[in-house]
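Listing of final19.cif, mmCIF, C-alpha atoms (C1' of nucleotides)
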```
data_target
loop_
_atom_site.label_atom_id
_atom_site.label_comp_id
_atom_site.auth_asym_id
_atom_site.auth_seq_id
_atom_site.Cartn_x
_atom_site.Cartn_y
_atom_site.Cartn_z
CA MET A 259 132.86 142.48 46.01
CA LYS A 260 131.62 139.60 43.90
CA GLY A 261 127.91 139.24 43.18
CA SER A 262 126.78 141.76 45.75
CA SER A 263 126.35 144.96 43.80
CA ASP A 264 126.28 148.27 45.58
CA THR A 265 122.58 148.71 44.88
CA ARG A 266 121.78 145.33 46.29
CA GLU A 267 123.65 146.24 49.42
CA ARG A 268 121.76 149.50 49.77
CA LEU A 269 118.51 147.62 49.24
CA LEU A 270 119.34 145.21 52.01
CA GLU A 271 120.25 148.08 54.29
CA ALA A 272 116.99 149.90 53.59
CA ALA A 273 114.94 146.74 53.93
CA GLY A 274 116.58 145.92 57.24
CA ARG A 275 115.93 149.37 58.57
CA LEU A 276 112.31 149.57 57.42
CA PHE A 277 111.31 146.03 58.38
CA GLY A 278 113.07 146.44 61.70
CA GLU A 279 111.29 149.66 62.50
CA HIS A 280 107.77 149.02 61.19
CA GLY A 281 107.49 145.27 60.87
CA TYR A 282 106.85 142.92 57.96
CA ALA A 283 103.24 143.80 57.15
CA ALA A 284 103.61 147.56 57.40
CA VAL A 285 106.44 147.80 54.87
CA THR A 286 105.87 147.42 51.11
CA VAL A 287 108.43 146.55 48.47
CA LYS A 288 107.63 149.95 47.03
CA ASP A 289 108.73 151.60 50.28
CA ILE A 290 112.02 149.74 50.14
CA ALA A 291 112.72 150.45 46.47
CA HIS A 292 111.78 154.08 46.93
CA ALA A 293 114.17 154.39 49.85
CA VAL A 294 117.08 153.60 47.56
CA GLY A 295 115.73 155.57 44.63
CA ILE A 296 114.83 152.80 42.21
CA HIS A 297 111.56 151.58 40.78
CA HIS A 298 110.01 148.77 42.77
CA ALA A 299 110.15 146.50 39.75
CA SER A 300 113.92 146.84 39.78
CA LEU A 301 114.05 145.43 43.27
CA TYR A 302 113.27 141.98 41.93
CA HIS A 303 116.43 142.03 39.86
CA HIS A 304 118.50 142.21 43.05
CA SER A 305 116.23 140.10 45.21
CA PRO A 306 114.30 137.65 43.03
CA GLY A 307 112.68 136.05 46.04
CA GLY A 308 110.61 139.15 46.65
CA LYS A 309 109.38 140.56 49.90
CA GLU A 310 109.43 137.48 52.09
CA GLU A 311 112.90 136.33 51.09
CA LEU A 312 114.16 139.87 51.54
CA PHE A 313 112.68 140.02 55.01
CA VAL A 314 114.17 136.71 56.04
CA GLU A 315 117.58 137.62 54.67
CA VAL A 316 117.88 141.03 56.30
CA THR A 317 116.37 139.88 59.57
CA GLU A 318 118.84 137.03 59.88
CA ARG A 319 121.63 139.38 58.85
CA GLY A 320 120.58 141.92 61.44
CA LEU A 321 120.48 139.32 64.17
CA ILE A 322 123.91 137.97 63.27
CA ARG A 323 125.16 141.54 63.31
CA HIS A 324 123.80 141.90 66.82
CA GLN A 325 125.35 138.62 67.82
CA ARG A 326 128.75 139.89 66.72
CA GLY A 327 128.24 143.29 68.27
CA LEU A 328 127.13 141.89 71.60
CA ASN A 329 129.84 139.27 71.80
CA ALA A 330 132.41 141.94 70.95
CA ALA A 331 130.92 144.09 73.69
CA LEU A 332 131.33 141.20 76.12
CA ALA A 333 134.89 140.53 75.01
CA ARG A 334 136.11 144.07 75.52
CA SER A 335 134.56 144.44 78.97
CA GLU A 336 135.55 141.29 80.78
CA GLY A 337 136.05 141.42 84.50
CA SER A 338 132.92 143.01 85.86
CA LEU A 339 129.23 142.40 85.34
CA ARG A 340 128.47 146.11 85.43
CA ALA A 341 131.02 146.79 82.69
CA GLN A 342 129.65 143.97 80.58
CA LEU A 343 126.04 145.03 80.87
CA ARG A 344 127.03 148.62 80.15
CA ALA A 345 128.86 147.49 77.04
CA ILE A 346 125.74 145.59 76.00
CA ALA A 347 123.62 148.70 76.53
CA ASP A 348 126.15 150.75 74.56
CA TRP A 349 125.70 148.43 71.64
CA LEU A 350 121.92 148.07 71.80
CA LEU A 351 121.32 151.80 72.08
CA SER A 352 123.71 152.51 69.22
CA GLN A 353 121.56 150.30 67.00
CA ALA A 354 117.97 150.50 65.77
CA PRO A 355 115.29 149.23 68.18
CA VAL A 356 114.56 145.51 68.22
CA ASP A 357 111.01 144.58 69.09
CA LEU A 358 111.05 140.90 70.01
CA VAL A 359 107.38 140.94 70.93
CA ARG A 360 106.37 142.22 67.52
CA MET A 361 108.68 139.73 65.84
CA ALA A 362 107.14 136.85 67.75
CA LEU A 363 103.48 137.83 67.52
CA SER A 364 103.24 139.77 64.28
CA ASP A 365 106.12 139.13 61.88
CA MET A 366 106.77 135.42 62.39
CA PRO A 367 103.18 134.27 61.74
CA GLN A 368 103.33 135.93 58.34
CA ILE A 369 106.31 134.08 56.91
CA ASN A 370 106.90 130.40 56.26
CA THR A 371 107.22 128.39 59.42
CA ALA A 372 110.70 127.04 58.71
CA ALA A 373 112.19 130.52 58.36
CA ALA A 374 110.20 131.69 61.36
CA GLU A 375 111.69 128.93 63.48
CA THR A 376 115.22 129.73 62.33
CA ILE A 377 114.77 133.41 63.07
CA SER A 378 113.21 132.79 66.46
CA ASN A 379 116.09 130.59 67.52
CA LEU A 380 118.63 133.03 66.14
CA ALA A 381 116.98 135.90 67.99
CA HIS A 382 117.33 134.02 71.22
CA ASP A 383 120.95 133.06 70.59
CA ALA A 384 122.00 136.47 69.31
CA LEU A 385 120.22 138.77 71.75
CA LEU A 386 119.44 136.91 74.94
CA LEU A 387 122.34 134.48 75.27
CA PRO A 388 125.03 137.20 75.50
CA ILE A 389 123.17 138.82 78.39
CA MET A 390 122.75 135.41 79.96
CA THR A 391 126.48 134.76 79.60
CA ALA A 392 127.34 138.04 81.27
CA LEU A 393 124.99 137.28 84.15
CA GLU A 394 126.44 133.83 84.68
CA SER A 395 129.99 135.17 84.66
CA GLY A 396 128.99 137.77 87.20
CA GLN A 397 127.35 135.12 89.30
CA ALA A 398 130.47 132.96 89.13
CA ARG A 399 132.55 135.91 90.33
CA GLY A 400 130.14 136.49 93.20
CA GLU A 401 128.97 139.88 91.97
CA ILE A 402 125.39 138.72 92.09
CA ASN A 403 123.65 135.83 93.75
CA TYR A 404 120.43 134.93 92.07
CA PRO A 405 118.61 131.76 91.05
CA ASP A 406 116.78 131.63 87.73
CA LEU A 407 119.03 133.97 85.77
CA GLY A 408 117.35 132.96 82.52
CA ASN A 409 114.30 134.84 83.64
CA VAL A 410 116.25 138.06 84.04
CA ALA A 411 118.03 138.21 80.68
CA GLY A 412 114.82 138.81 78.76
CA SER A 413 113.79 141.43 81.23
CA ILE A 414 117.06 143.34 80.92
CA PHE A 415 116.82 143.22 77.16
CA ALA A 416 113.22 144.45 77.14
CA SER A 417 114.05 147.21 79.61
CA ILE A 418 116.89 148.56 77.52
CA GLU A 419 114.98 148.35 74.26
CA ALA A 420 112.02 150.17 75.81
CA LEU A 421 114.28 153.20 76.27
CA HIS A 422 114.37 153.58 72.50
CA THR A 423 110.75 154.64 72.40
CA ILE A 424 110.87 157.41 74.97
CA PRO A 425 110.15 160.61 73.04
CA ALA A 426 113.11 162.98 73.05
CA ILE A 427 110.98 165.64 74.75
CA TYR A 428 110.65 163.52 77.87
CA LEU A 429 114.34 162.77 78.21
CA THR A 430 115.83 164.26 81.37
CA LYS A 431 119.08 162.43 80.68
CA THR A 432 120.43 160.41 77.78
CA ARG A 433 119.01 156.98 77.05
CA LEU A 434 122.42 155.53 77.78
CA GLU A 435 122.51 157.12 81.22
CA MET A 436 119.05 155.70 81.82
CA ALA A 437 120.26 152.28 80.76
CA TYR A 438 123.19 152.50 83.15
CA ASP A 439 120.78 153.39 85.96
CA LEU A 440 118.63 150.38 85.11
CA ILE A 441 121.64 148.12 85.06
CA ASP A 442 122.56 149.22 88.56
CA ILE A 443 119.02 148.48 89.69
CA PHE A 444 119.18 145.00 88.22
CA ILE A 445 122.60 144.25 89.71
CA ARG A 446 121.63 145.51 93.14
CA GLY A 447 118.36 143.64 92.87
CA MET A 448 120.11 140.36 92.12
CA GLN A 449 122.32 140.65 95.19
CA THR A 450 120.24 138.54 97.53
CA ASP A 451 122.85 138.17 100.22
CA MET B 52 71.44 147.72 75.49
CA LYS B 53 70.63 150.48 73.03
CA GLY B 54 72.46 150.78 69.70
CA SER B 55 75.24 148.35 70.52
CA SER B 56 74.03 145.10 69.07
CA ASP B 57 75.49 141.84 70.21
CA THR B 58 77.25 141.33 66.90
CA ARG B 59 78.82 144.75 67.07
CA GLU B 60 80.11 143.92 70.53
CA ARG B 61 81.59 140.65 69.31
CA LEU B 62 83.17 142.47 66.38
CA LEU B 63 84.82 144.96 68.73
CA GLU B 64 86.06 142.15 70.91
CA ALA B 65 87.56 140.28 67.96
CA ALA B 66 89.06 143.44 66.49
CA GLY B 67 90.64 144.36 69.81
CA ARG B 68 92.11 140.91 70.21
CA LEU B 69 93.46 140.65 66.66
CA PHE B 70 94.79 144.21 66.40
CA GLY B 71 96.32 143.88 69.85
CA GLU B 72 98.08 140.67 69.02
CA HIS B 73 99.23 141.24 65.44
CA GLY B 74 99.12 144.99 64.93
CA TYR B 75 97.20 147.25 62.57
CA ALA B 76 98.80 146.32 59.26
CA ALA B 77 98.81 142.57 59.78
CA VAL B 78 95.08 142.30 60.43
CA THR B 79 92.49 142.60 57.65
CA VAL B 80 88.83 143.45 57.98
CA LYS B 81 88.22 140.01 56.55
CA ASP B 82 90.11 138.44 59.46
CA ILE B 83 87.94 140.33 61.91
CA ALA B 84 84.66 139.55 60.19
CA HIS B 85 85.62 135.91 59.81
CA ALA B 86 86.43 135.69 63.51
CA VAL B 87 82.82 136.45 64.35
CA GLY B 88 81.38 134.42 61.49
CA ILE B 89 80.04 137.14 59.23
CA HIS B 90 80.96 138.31 55.75
CA HIS B 91 83.44 141.17 55.71
CA ALA B 92 80.93 143.36 53.91
CA SER B 93 78.62 143.03 56.90
CA LEU B 94 81.26 144.52 59.14
CA TYR B 95 80.67 147.93 57.62
CA HIS B 96 77.08 147.85 58.82
CA HIS B 97 78.30 147.77 62.42
CA SER B 98 81.37 149.89 61.96
CA PRO B 99 80.82 152.28 59.03
CA GLY B 100 84.19 153.94 59.59
CA GLY B 101 85.97 150.81 58.41
CA LYS B 102 89.31 149.47 59.51
CA GLU B 103 90.95 152.61 60.84
CA GLU B 104 87.99 153.76 62.91
CA LEU B 105 87.60 150.24 64.24
CA PHE B 106 91.24 150.15 65.24
CA VAL B 107 91.09 153.51 66.98
CA GLU B 108 87.90 152.59 68.82
CA VAL B 109 89.04 149.23 70.14
CA THR B 110 92.52 150.43 70.96
CA GLU B 111 91.19 153.31 73.04
CA ARG B 112 88.69 150.98 74.63
CA GLY B 113 91.39 148.49 75.48
CA LEU B 114 93.57 151.16 77.03
CA ILE B 115 90.72 152.53 79.13
CA ARG B 116 90.01 148.98 80.22
CA HIS B 117 93.61 148.68 81.33
CA GLN B 118 93.41 152.01 83.08
CA ARG B 119 90.44 150.76 85.11
CA GLY B 120 92.03 147.38 85.73
CA LEU B 121 95.30 148.85 86.91
CA ASN B 122 93.74 151.50 89.10
CA ALA B 123 91.51 148.85 90.63
CA ALA B 124 94.61 146.76 91.23
CA LEU B 125 96.23 149.69 93.00
CA ALA B 126 93.13 150.40 95.07
CA ARG B 127 92.83 146.89 96.44
CA SER B 128 96.49 146.59 97.37
CA GLU B 129 97.26 149.81 99.18
CA GLY B 130 99.86 149.78 101.90
CA SER B 131 102.90 148.17 100.33
CA LEU B 132 104.77 148.71 97.10
CA ARG B 133 105.35 145.01 96.64
CA ALA B 134 101.64 144.28 96.97
CA GLN B 135 100.79 147.03 94.50
CA LEU B 136 103.30 145.93 91.89
CA ARG B 137 102.16 142.35 92.30
CA ALA B 138 98.57 143.40 91.77
CA ILE B 139 99.66 145.25 88.64
CA ALA B 140 101.44 142.13 87.39
CA ASP B 141 98.35 140.06 88.20
CA TRP B 142 96.30 142.29 85.98
CA LEU B 143 98.77 142.62 83.11
CA LEU B 144 99.41 138.89 82.90
CA SER B 145 95.69 138.13 83.01
CA GLN B 146 95.25 140.26 79.90
CA ALA B 147 96.53 139.98 76.33
CA PRO B 148 100.07 141.27 75.70
CA VAL B 149 100.49 144.99 75.05
CA ASP B 150 103.38 145.90 72.78
CA LEU B 151 104.02 149.60 73.30
CA VAL B 152 107.03 149.54 70.98
CA ARG B 153 104.99 148.17 68.11
CA MET B 154 102.22 150.64 68.82
CA ALA B 155 104.64 153.55 68.74
CA LEU B 156 106.73 152.51 65.74
CA SER B 157 104.37 150.49 63.59
CA ASP B 158 100.69 151.12 64.35
CA MET B 159 100.65 154.85 65.09
CA PRO B 160 102.36 155.95 61.85
CA GLN B 161 99.61 154.20 59.89
CA ILE B 162 96.62 156.06 61.31
CA ASN B 163 95.71 159.73 61.27
CA THR B 164 97.97 161.81 63.44
CA ALA B 165 95.23 163.19 65.68
CA ALA B 166 94.07 159.73 66.72
CA ALA B 167 97.67 158.60 67.05
CA GLU B 168 98.37 161.42 69.48
CA THR B 169 95.28 160.64 71.55
CA ILE B 170 96.18 156.97 71.73
CA SER B 171 99.80 157.65 72.60
CA ASN B 172 98.82 159.92 75.46
CA LEU B 173 96.20 157.47 76.65
CA ALA B 174 98.69 154.63 76.58
CA HIS B 175 101.00 156.61 78.81
CA ASP B 176 98.24 157.57 81.23
CA ALA B 177 96.62 154.15 81.32
CA LEU B 178 99.66 151.89 81.51
CA LEU B 179 102.63 153.82 82.84
CA LEU B 180 101.05 156.29 85.25
CA PRO B 181 99.60 153.62 87.56
CA ILE B 182 103.03 152.05 87.94
CA MET B 183 104.49 155.50 88.50
CA THR B 184 101.88 156.16 91.18
CA ALA B 185 102.70 152.94 92.97
CA LEU B 186 106.42 153.75 92.91
CA GLU B 187 105.88 157.24 94.28
CA SER B 188 103.68 155.95 97.10
CA GLY B 189 106.32 153.40 97.96
CA GLN B 190 108.96 156.09 97.89
CA ALA B 191 106.85 158.27 100.19
CA ARG B 192 106.54 155.38 102.63
CA GLY B 193 110.28 154.86 102.52
CA GLU B 194 110.09 151.40 100.94
CA ILE B 195 112.38 152.53 98.18
CA ASN B 196 114.74 155.44 97.77
CA TYR B 197 115.41 156.24 94.16
CA PRO B 198 115.70 159.37 92.03
CA ASP B 199 114.23 159.38 88.53
CA LEU B 200 111.32 157.02 89.14
CA GLY B 201 109.81 157.95 85.78
CA ASN B 202 112.61 156.06 84.14
CA VAL B 203 111.76 152.86 86.00
CA ALA B 204 108.02 152.66 85.32
CA GLY B 205 108.52 151.98 81.62
CA SER B 206 111.13 149.39 82.41
CA ILE B 207 108.89 147.53 84.83
CA PHE B 208 106.08 147.55 82.29
CA ALA B 209 108.31 146.29 79.50
CA SER B 210 109.77 143.59 81.74
CA ILE B 211 106.38 142.22 82.72
CA GLU B 212 105.02 142.32 79.19
CA ALA B 213 108.09 140.51 77.89
CA LEU B 214 107.09 137.51 80.00
CA HIS B 215 104.08 137.03 77.74
CA THR B 216 106.27 135.95 74.87
CA ILE B 217 108.24 133.23 76.62
CA PRO B 218 107.21 130.00 74.93
CA ALA B 219 105.40 127.65 77.30
CA ILE B 220 108.12 125.02 76.79
CA TYR B 221 110.74 127.22 78.42
CA LEU B 222 108.69 128.00 81.49
CA THR B 223 110.26 126.60 84.66
CA LYS B 224 107.67 128.44 86.71
CA THR B 225 104.54 130.42 85.92
CA ARG B 226 104.80 133.82 84.29
CA LEU B 227 103.23 135.32 87.37
CA GLU B 228 105.90 133.82 89.62
CA MET B 229 108.53 135.21 87.25
CA ALA B 230 106.88 138.62 87.45
CA TYR B 231 106.94 138.49 91.24
CA ASP B 232 110.64 137.66 91.12
CA LEU B 233 111.29 140.61 88.84
CA ILE B 234 109.33 142.91 91.11
CA ASP B 235 111.53 141.90 94.02
CA ILE B 236 114.59 142.64 91.92
CA PHE B 237 113.29 146.09 91.05
CA ILE B 238 112.33 146.91 94.63
CA ARG B 239 115.64 145.72 96.03
CA GLY B 240 117.44 147.56 93.25
CA MET B 241 115.72 150.83 94.08
CA GLN B 242 116.76 150.66 97.72
CA THR B 243 119.86 152.81 97.49
CA ASP B 244 120.33 153.32 101.20
"C1'" DG C 61 120.47 147.41 35.85
"C1'" DT C 62 116.54 150.14 35.38
"C1'" DC C 63 112.45 151.34 33.50
"C1'" DT C 64 107.34 150.93 31.53
"C1'" DA C 65 103.68 148.12 31.14
"C1'" DT C 66 100.99 144.64 32.72
"C1'" DA C 67 99.28 140.68 35.21
"C1'" DT C 68 97.31 138.88 39.53
"C1'" DA C 69 95.80 138.95 43.80
"C1'" DA C 70 94.36 140.95 47.99
"C1'" DA C 71 92.39 144.50 50.64
"C1'" DG C 72 89.25 148.25 51.80
"C1'" DA C 73 84.92 149.81 50.83
"C1'" DT C 74 80.00 150.53 48.75
"C1'" DA C 75 75.37 149.25 46.54
"C1'" DG C 76 71.65 146.87 46.61
"C1'" DA C 77 68.99 142.38 46.91
"C1'" DC C 78 67.11 139.48 50.39
"C1'" DG D 185 71.44 142.45 59.65
"C1'" DT D 186 73.63 139.70 56.29
"C1'" DC D 187 74.67 138.42 51.94
"C1'" DT D 188 76.36 138.73 46.73
"C1'" DA D 189 78.25 141.51 43.52
"C1'" DT D 190 81.03 145.08 42.32
"C1'" DC D 191 84.30 148.92 42.51
"C1'" DT D 192 88.73 151.00 43.64
"C1'" DT D 193 92.98 150.96 45.35
"C1'" DT D 194 97.05 148.94 46.68
"C1'" DA D 195 100.53 145.34 46.67
"C1'" DT D 196 103.31 141.62 44.94
"C1'" DA D 197 105.25 140.03 41.04
"C1'" DT D 198 106.62 139.25 35.97
"C1'" DA D 199 107.75 140.43 30.95
"C1'" DG D 200 110.16 142.78 28.04
"C1'" DA D 201 112.02 147.24 26.05
"C1'" DC D 202 116.00 150.16 26.61
#
```
What is this structure when it is put down as structure tokens?
Amino acid sequence: MKGSSDTRERLLEAAGRLFGEHGYAAVTVKDIAHAVGIHHASLYHHSPGGKEELFVEVTERGLIRHQRGLNAALARSEGSLRAQLRAIADWLLSQAPVDLVRMALSDMPQINTAAAETISNLAHDALLLPIMTALESGQARGEINYPDLGNVAGSIFASIEALHTIPAIYLTKTRLEMAYDLIDIFIRGMQTD
Amino acid sequence: MKGSSDTRERLLEAAGRLFGEHGYAAVTVKDIAHAVGIHHASLYHHSPGGKEELFVEVTERGLIRHQRGLNAALARSEGSLRAQLRAIADWLLSQAPVDLVRMALSDMPQINTAAAETISNLAHDALLLPIMTALESGQARGEINYPDLGNVAGSIFASIEALHTIPAIYLTKTRLEMAYDLIDIFIRGMQTD
DNA sequence: GTCTATATAAAGATAGAC
DNA sequence: GTCTATCTTTATATAGAC
């Protein structure tokens, strides 16, 4: 466990959770420090770069985590598009919501442009490419027949993530069941034969 | 034009645009005042309630605007589900992006709970109900055959809004053409016969 | 490694001159 | 109706004691 102390790790976890849920501007370093039970001044001992560096670090970490999770989901569900998209939904709904719109329009303009560019590219590679890969495999196997698959990946991602925000009171079935329903709609909809 | 001076109107317009794009926390009263070319102290003359009241006012206004726009879209496209959903996409893509996830997870927790509740309900009624109405009409006409339509309305909304964030460089066709493609996918996908 | 104290800056807001 | 000046609060960040 080299330089990464336990407290630092808990700080990164809390920062990732809070930034992910509320966005860069709405979270203060005080919120983050308080979440792990230390004074906010102590935070700078573990993360000397302060708020912005913390945000960049945990956001990149979170995206890489998703990249691994989604690629693992793909790997263990090879053979059918439906199984692959369900595995992707399993993963995404087991994790905290990811709001790509907020990241693009609200968070990114508030950090340095170089980091923003890195994160934007990583978000695309980590979240959208796996869905794209699944769609192309399915297309190659003849399960769907659709031009312009790139268009659809973002839509599937947004559809699944939107399920996160449905208040529990309105749920007639689980979010995962809803996601599976949506996946069937997308697959059927891309069968243009 | 009674009490609503021209400057006040321009302030509301700027506030609506900035809050809508970047969210409550990321926009300062200085940003808003600067956008209309006045000192931020002057803003309080037109909007004595300050930032929070301004946010609530323009957000409700924007949602009511969408409610009118979407219901008008429905009214002028009666007869076919595809035409109605296309009219909805026409409207949504002609307007600034609406990030319901950010509103729910980031903006609402930062304002008083009563206003947050009002806005949340209004967002549902203004944005999701029109889509729901179109789907139910289409179902009644036999154009689609799908249980659990409530599930799908949010997904269609999220899918269309996600198009807003595709960088212009990646566009192989217009966002509206992409939206029409997605609508066909959804309609075909909801034909379970 | 954590705290208290403090510095600095930014943001929301008000008072009062013009 | 707009400005300057000011106040208050909050936020980011640093210094230094423990």
Practice task
Give the residues of chain D that lie within 8 Å of chain A; count all atoms listed in the file, and format the answer as a ChimeraX atom specification.
Solution key: /D:195-197
Counting only C-alpha atoms (C1' of nucleotides), what are the residues of chain A within 8 Å of chain C, and for each of them which pair of atoms is the nearest and at what distance in Å, to one decimal? Sort the table by chain and rising number, as a tab-separated table.
```
residue	atom	partner	partner_atom	distance
A:Ile296	CA	C:DT62	C1'	7.5
A:His297	CA	C:DC63	C1'	7.3
A:Ser300	CA	C:DT62	C1'	6.1
A:His303	CA	C:DG61	C1'	7.8
```
Exercise for the section: May I ask which of the residues A:Ala437, A:Ala333, A:Ala284, A:Leu358 is the closest one to chain B, counting all atoms listed in the file? Expected result: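 Counting all atoms listed in the file, the residue closest to chain B is A:Ala284.
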To test your reading of the syntax: which residues would the PyMOL selection byres ((chain A) within 8 of (chain B)) return for the file shown? Reply as an mmCIF file with C-alpha atoms, in the frame of the given file.
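File selection31.cif, as written:
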```cif
data_model
loop_
_atom_site.group_PDB
_atom_site.id
_atom_site.type_symbol
_atom_site.label_atom_id
_atom_site.label_comp_id
_atom_site.auth_asym_id
_atom_site.auth_seq_id
_atom_site.Cartn_x
_atom_site.Cartn_y
_atom_site.Cartn_z
ATOM 1 C CA GLU A 279 111.290 149.660 62.500
ATOM 2 C CA HIS A 280 107.770 149.020 61.190
ATOM 3 C CA GLY A 281 107.490 145.270 60.870
ATOM 4 C CA ALA A 283 103.240 143.800 57.150
ATOM 5 C CA ALA A 284 103.610 147.560 57.400
ATOM 6 C CA ASP A 357 111.010 144.580 69.090
ATOM 7 C CA VAL A 359 107.380 140.940 70.930
ATOM 8 C CA ARG A 360 106.370 142.220 67.520
ATOM 9 C CA ALA A 362 107.140 136.850 67.750
ATOM 10 C CA LEU A 363 103.480 137.830 67.520
ATOM 11 C CA SER A 364 103.240 139.770 64.280
ATOM 12 C CA ASN A 409 114.300 134.840 83.640
ATOM 13 C CA VAL A 410 116.250 138.060 84.040
ATOM 14 C CA GLY A 412 114.820 138.810 78.760
ATOM 15 C CA SER A 413 113.790 141.430 81.230
ATOM 16 C CA ILE A 414 117.060 143.340 80.920
ATOM 17 C CA ALA A 416 113.220 144.450 77.140
ATOM 18 C CA SER A 417 114.050 147.210 79.610
ATOM 19 C CA ILE A 418 116.890 148.560 77.520
ATOM 20 C CA ALA A 420 112.020 150.170 75.810
ATOM 21 C CA LEU A 421 114.280 153.200 76.270
ATOM 22 C CA THR A 423 110.750 154.640 72.400
ATOM 23 C CA MET A 436 119.050 155.700 81.820
ATOM 24 C CA LEU A 440 118.630 150.380 85.110
ATOM 25 C CA ASP A 442 122.560 149.220 88.560
ATOM 26 C CA ILE A 443 119.020 148.480 89.690
ATOM 27 C CA PHE A 444 119.180 145.000 88.220
ATOM 28 C CA ILE A 445 122.600 144.250 89.710
ATOM 29 C CA ARG A 446 121.630 145.510 93.140
ATOM 30 C CA GLY A 447 118.360 143.640 92.870
ATOM 31 C CA MET A 448 120.110 140.360 92.120
#
```
Problem - Residue IDs satisfying the PyMOL selection byres ((chain A and resi 316) around 12), as an MDAnalysis selection string - result: chainID A and resid 266:278 282 305 309:315 317:323 377
Handout entry: Atom-to-atom span, CA of Leu387 (chain A) and CA of Glu401 (chain A), Å
Key =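 Going from CA of Leu387 (chain A) over to CA of Glu401 (chain A) covers 18.8 Å.
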Problem - Residues within 9 Å of Ala185 (chain B), all atoms listed in the file, excluding chain neighbours under 5 positions, as a PyMOL selection string - result: chain B and resi 125+129+131-132+135-136+180+190
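Between CA of Gly400 (chain A) and CA of Arg326 (chain A) the separation is 26.7 Å.
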Handout entry: Point-to-point distance in Å for CA of Ile162 (chain B) and CA of Asp289 (chain A)
Key =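 Pair CA of Asp289 (chain A) / CA of Ile162 (chain B) returns 17.0 Å.
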Practice task
Could you give me, as a ChimeraX atom specification, the residues within 7 Å of Leu434 (chain A), counting all atoms listed in the file and dropping anything in the same chain fewer than 4 positions from it?
Solution key: /A:348,351,438
Atom completion result for region 342-352 of chain A (N, CA, C and O atoms) as a CSV table (one decimal), keeping the file's coordinate frame:
```csv
chain,number,residue,atom,x,y,z
A,342,GLN,N,130.2,144.8,81.7
A,342,GLN,CA,129.6,144.0,80.6
A,342,GLN,C,128.2,144.4,80.2
A,342,GLN,O,127.9,144.5,79.0
A,343,LEU,N,127.4,144.6,81.2
A,343,LEU,CA,126.0,145.0,80.9
A,343,LEU,C,126.0,146.4,80.3
A,343,LEU,O,125.2,146.8,79.4
A,344,ARG,N,126.9,147.3,80.7
A,344,ARG,CA,127.0,148.6,80.2
A,344,ARG,C,127.5,148.5,78.7
A,344,ARG,O,126.9,149.3,77.8
A,345,ALA,N,128.4,147.7,78.4
A,345,ALA,CA,128.9,147.5,77.0
A,345,ALA,C,127.7,147.0,76.2
A,345,ALA,O,127.6,147.4,75.0
A,346,ILE,N,126.9,146.1,76.7
A,346,ILE,CA,125.7,145.6,76.0
A,346,ILE,C,124.8,146.7,75.7
A,346,ILE,O,124.2,146.9,74.6
A,347,ALA,N,124.5,147.6,76.7
A,347,ALA,CA,123.6,148.7,76.5
A,347,ALA,C,124.2,149.7,75.5
A,347,ALA,O,123.4,150.2,74.7
A,348,ASP,N,125.5,149.9,75.6
A,348,ASP,CA,126.2,150.8,74.6
A,348,ASP,C,125.8,150.3,73.2
A,348,ASP,O,125.4,151.1,72.3
A,349,TRP,N,126.0,149.0,73.0
A,349,TRP,CA,125.7,148.4,71.6
A,349,TRP,C,124.2,148.6,71.3
A,349,TRP,O,123.9,149.1,70.2
A,350,LEU,N,123.3,148.1,72.1
A,350,LEU,CA,121.9,148.1,71.8
A,350,LEU,C,121.4,149.5,71.5
A,350,LEU,O,120.6,149.7,70.6
A,351,LEU,N,121.8,150.4,72.3
A,351,LEU,CA,121.3,151.8,72.1
A,351,LEU,C,122.0,152.5,70.9
A,351,LEU,O,121.5,153.6,70.5
A,352,SER,N,123.1,151.9,70.4
A,352,SER,CA,123.7,152.5,69.2
A,352,SER,C,123.1,152.0,68.0
A,352,SER,O,123.3,152.4,66.8
```
